[in-house]
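Please read the structure below before turning to the comments.
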Number of protein chains: 2
Amino acid sequence: MATHKREQFTEAEQQVAVIAKALGHPARVAILRLLAQRQACVCGELVLELPISQSTVSQHLKELKTAGLVQGEVDGPRVCYCLDPTGWARARQLLGDLLAELPAPATQACC
Amino acid sequence: MATHKREQFTEAEQQVAVIAKALGHPARVAILRLLAQRQACVCGELVLELPISQSTVSQHLKELKTAGLVQGEVDGPRVCYCLDPTGWARARQLLGDLLAELPAPATQACC
DNA sequence: CTTTGTAATCGTTAATCGACGATAAACGAA
DNA sequence: TTCGTTTATCGTCGATTAACGATTACAAAG
């Protein structure tokens with residue numbers, strides 16, 4: 001059963017997991033890269049660039065938005081997406097902390 | 001349909017996604033942190049520290065191993081786990097590249 | 001060889017994910 | 001107001017995930 005015991009982990013662990021989960025699909029990584037590269041962040045542009053359907057892109061955008069990594073602004077009939085400044089900054093912080101906490105280990109294993 | 005179009009994204013995007021997916025659960029983040037903190041990386045220790053059952057821990061360890069982040073070495077009746085040196089170094093590289101490629105945006109949104 | 005302790009696997013269950021087409025909603029233009 | 005364009009949502013489907021207890025596999029000890 002997916003009784004999801006997530007509550008029992010630390011706040012930081014859960015937050016990192018949320019970020020990582022959002023990054024856990026190539027389409028979402030691609031979307032973030034596109035949003036960072038070009039300033040033209042209209043949804044339709046993304047659909048043209050990606051090998052998935054419009055509804056699926058929309059779905060991924062929703063997940064990124066839920067994770068706080070992306071924000072969308074309605075602009076007439078279309079929607080302009082971009083990285084969420086504070087959310088992405090926070091994500092960078094959390095991932096950076098994780099990398100700092102888990103440094104590259106010595107070349108030989110522990111045991 | 002889960003037709004998984006992952007093949008159609010770039011190699012880097014897919015690899016980042018694999019890493020991120022492995023980090024996408026608080027239990028796995030916790031496991032990695034425990035492995036980095038203490039050198040005592042015996043599976044049983046992890047089970048004692050985590051609020052989930054032995055079989056679930058084993059499952060998560062398997063996923064981390066599949067993602068190349070962790071390695072296990074049989075030591076008599078128990079198994080000693082630790083960060084996979086090369087795999088984790090690679091993961092650090094990929095995540096670092098991503099953070100470099102997606103810098104903290106200007107405080108104001110794009111549109 | 002049998003027992004004991006440890007970890008992996010199996011089987012099951014519920015929930016979530018990923019994908020799509022179809023439909024609905026929102027808006028500007030005619 | 002109606003039409004075309006754009007995006008979000010709905011409904012569906014199969015696959016995967018997360019979790020657990022039970023069982024199995026294995027190695028060391030007796």
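Naming works like this for the structure tokens: A, B, ... for the chains as they're shown, residue 1 at the start of each chain, ligands 1 onward in shown order.
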Interface residues on chain C facing chain A, 6 Å, only C-alpha atoms (C1' of nucleotides), written as a list in words:
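Putting it all together, I get DT13, DA14, DA15 and DC27 of chain C.
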Give me, as a short mmCIF file (atom, residue, chain, number, x, y, z; two decimals) with N, CA and C atoms, in the first residue's frame, the residues of chain B touching chain A, with the criterion being at most 6 Å (counting only C-alpha atoms).
data_model
loop_
_atom_site.label_atom_id
_atom_site.label_comp_id
_atom_site.auth_asym_id
_atom_site.auth_seq_id
_atom_site.Cartn_x
_atom_site.Cartn_y
_atom_site.Cartn_z
N GLU B 13 19.56 15.03 -20.67
CA GLU B 13 18.27 15.20 -20.01
C GLU B 13 17.81 13.89 -19.37
N GLN B 14 18.01 12.81 -20.09
CA GLN B 14 17.60 11.53 -19.56
C GLN B 14 18.43 11.13 -18.35
N ALA B 17 17.46 13.09 -15.39
CA ALA B 17 16.16 12.62 -14.91
C ALA B 17 16.31 11.34 -14.09
N ALA B 20 17.69 12.38 -10.75
CA ALA B 20 16.69 13.13 -9.98
C ALA B 20 15.58 12.21 -9.49
N LYS B 21 15.21 11.29 -10.34
CA LYS B 21 14.15 10.36 -9.95
C LYS B 21 14.60 9.55 -8.73
N LEU B 23 16.53 10.52 -6.49
CA LEU B 23 16.51 11.42 -5.34
C LEU B 23 15.09 11.87 -5.01
N GLY B 24 14.13 11.40 -5.76
CA GLY B 24 12.77 11.90 -5.66
C GLY B 24 11.93 11.27 -4.57
N HIS B 25 12.56 10.69 -3.60
CA HIS B 25 11.82 10.17 -2.46
C HIS B 25 12.61 10.43 -1.18
N PRO B 26 11.94 10.99 -0.16
CA PRO B 26 12.67 11.37 1.05
C PRO B 26 13.44 10.22 1.67
N VAL B 29 16.73 10.03 -0.11
CA VAL B 29 17.60 11.14 0.30
C VAL B 29 18.17 10.85 1.68
N ALA B 36 26.52 8.90 3.81
CA ALA B 36 27.62 9.87 3.77
C ALA B 36 28.09 10.20 5.19
N PRO B 85 31.42 5.48 -5.67
CA PRO B 85 32.30 6.63 -5.91
C PRO B 85 32.13 7.21 -7.31
N ALA B 89 29.93 10.57 -8.22
CA ALA B 89 30.70 11.67 -8.83
C ALA B 89 30.01 12.12 -10.11
N LEU B 102 21.09 26.43 -15.47
CA LEU B 102 19.87 27.12 -15.06
C LEU B 102 20.19 28.02 -13.88
N ALA B 104 20.20 31.15 -11.21
CA ALA B 104 19.13 31.87 -10.55
C ALA B 104 18.71 33.03 -11.44
N PRO B 105 17.45 33.08 -11.83
CA PRO B 105 17.01 34.14 -12.74
C PRO B 105 16.95 35.49 -12.02
N THR B 107 15.35 38.65 -10.38
CA THR B 107 14.24 38.57 -9.42
C THR B 107 12.89 38.75 -10.10
#
Would you list which chain D residues are within 12 Å of chain B using only C-alpha atoms (C1' of nucleotides), as an MDAnalysis selection string?
chainID D and resid 12:23 25:29
Write out as a ChimeraX atom specification which residues come within 10 Å of DA24 (chain C) when counting only C-alpha atoms (C1' of nucleotides), dropping same-chain ones fewer than 4 positions away.
/D:8-10
Write the residues of the selection above to a file with C-alpha atoms (C1' of nucleotides), as a PDB file, in the first residue's frame.
ATOM      1  C1'  DA D   8      -6.207  23.695 -19.336  1.00  0.00           C
ATOM      2  C1'  DT D   9      -8.854  20.025 -17.858  1.00  0.00           C
ATOM      3  C1'  DC D  10     -11.305  15.561 -18.192  1.00  0.00           C
TER       4       DC D  10
END
Residues flagged strand (DSSP E) by DSSP in region 10-101 of chain A, as an MDAnalysis selection string:
chainID A and resid 70:75 78:83
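Here CA of Leu61 (chain A) is placed at a distance of 18.7 Å from C1' of DG21 (chain C).
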Could you find all residues in region 1-107 of chain A that DSSP calls helix (DSSP H, G or I) from the backbone, and write them as an MDAnalysis selection string?
chainID A and resid 5:8 11:22 26:37 43:49 54:66 85:101
Using C-alpha atoms, can you write the selected residues to a file as an mmCIF file, in the first residue's frame?
data_model
loop_
_atom_site.group_PDB
_atom_site.id
_atom_site.type_symbol
_atom_site.label_atom_id
_atom_site.label_comp_id
_atom_site.auth_asym_id
_atom_site.auth_seq_id
_atom_site.Cartn_x
_atom_site.Cartn_y
_atom_site.Cartn_z
ATOM 1 C CA LYS A 5 5.339 7.749 5.202
ATOM 2 C CA ARG A 6 6.910 10.903 3.911
ATOM 3 C CA GLU A 7 5.832 12.815 6.981
ATOM 4 C CA GLN A 8 8.368 10.934 9.015
ATOM 5 C CA GLU A 11 11.662 18.787 6.250
ATOM 6 C CA ALA A 12 14.802 19.182 4.179
ATOM 7 C CA GLU A 13 14.648 15.620 2.927
ATOM 8 C CA GLN A 14 11.079 16.076 1.851
ATOM 9 C CA GLN A 15 11.755 19.350 0.117
ATOM 10 C CA VAL A 16 14.722 17.963 -1.752
ATOM 11 C CA ALA A 17 12.586 15.016 -2.766
ATOM 12 C CA VAL A 18 9.879 17.295 -4.128
ATOM 13 C CA ILE A 19 12.395 19.193 -6.220
ATOM 14 C CA ALA A 20 14.117 16.048 -7.397
ATOM 15 C CA LYS A 21 10.837 14.425 -8.294
ATOM 16 C CA ALA A 22 9.951 17.406 -10.436
ATOM 17 C CA PRO A 26 13.406 14.256 -19.133
ATOM 18 C CA ALA A 27 10.529 16.313 -20.494
ATOM 19 C CA ARG A 28 10.540 18.505 -17.415
ATOM 20 C CA VAL A 29 14.293 18.908 -17.527
ATOM 21 C CA ALA A 30 13.968 19.865 -21.172
ATOM 22 C CA ILE A 31 11.243 22.377 -20.362
ATOM 23 C CA LEU A 32 13.376 24.024 -17.711
ATOM 24 C CA ARG A 33 16.307 24.223 -20.090
ATOM 25 C CA LEU A 34 14.155 25.777 -22.779
ATOM 26 C CA LEU A 35 12.754 28.290 -20.329
ATOM 27 C CA ALA A 36 16.244 29.254 -19.268
ATOM 28 C CA GLN A 37 17.638 29.461 -22.793
ATOM 29 C CA CYS A 43 3.504 27.307 -23.949
ATOM 30 C CA GLY A 44 2.983 26.740 -27.647
ATOM 31 C CA GLU A 45 6.683 27.205 -28.291
ATOM 32 C CA LEU A 46 7.425 24.444 -25.855
ATOM 33 C CA VAL A 47 4.966 22.135 -27.553
ATOM 34 C CA LEU A 48 6.715 22.720 -30.870
ATOM 35 C CA GLU A 49 10.093 21.943 -29.386
ATOM 36 C CA GLN A 54 0.107 19.623 -26.031
ATOM 37 C CA SER A 55 -1.871 18.123 -23.204
ATOM 38 C CA THR A 56 1.145 16.262 -21.907
ATOM 39 C CA VAL A 57 3.254 19.416 -21.989
ATOM 40 C CA SER A 58 0.537 21.174 -20.063
ATOM 41 C CA GLN A 59 0.548 18.379 -17.549
ATOM 42 C CA HIS A 60 4.294 18.643 -17.041
ATOM 43 C CA LEU A 61 4.047 22.394 -16.709
ATOM 44 C CA LYS A 62 1.460 21.930 -14.027
ATOM 45 C CA GLU A 63 3.766 19.647 -12.092
ATOM 46 C CA LEU A 64 6.624 22.091 -12.394
ATOM 47 C CA LYS A 65 4.327 24.830 -11.210
ATOM 48 C CA THR A 66 3.164 22.747 -8.269
ATOM 49 C CA PRO A 85 12.606 33.258 -9.413
ATOM 50 C CA THR A 86 12.174 32.503 -5.730
ATOM 51 C CA GLY A 87 11.173 28.889 -6.181
ATOM 52 C CA TRP A 88 14.069 28.098 -8.427
ATOM 53 C CA ALA A 89 16.467 29.930 -6.175
ATOM 54 C CA ARG A 90 15.235 27.785 -3.318
ATOM 55 C CA ALA A 91 15.613 24.643 -5.399
ATOM 56 C CA ARG A 92 19.169 25.639 -6.268
ATOM 57 C CA GLN A 93 19.879 26.186 -2.604
ATOM 58 C CA LEU A 94 18.472 22.802 -1.594
ATOM 59 C CA LEU A 95 20.290 20.907 -4.302
ATOM 60 C CA GLY A 96 23.480 22.790 -3.588
ATOM 61 C CA ASP A 97 23.201 21.933 0.079
ATOM 62 C CA LEU A 98 22.705 18.306 -0.813
ATOM 63 C CA LEU A 99 25.770 18.253 -3.018
ATOM 64 C CA ALA A 100 27.745 19.927 -0.270
ATOM 65 C CA GLU A 101 26.549 17.427 2.260
#
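Here C1' of DC10 (chain C) and CA of Leu69 (chain B) stand 25.0 Å from one another.
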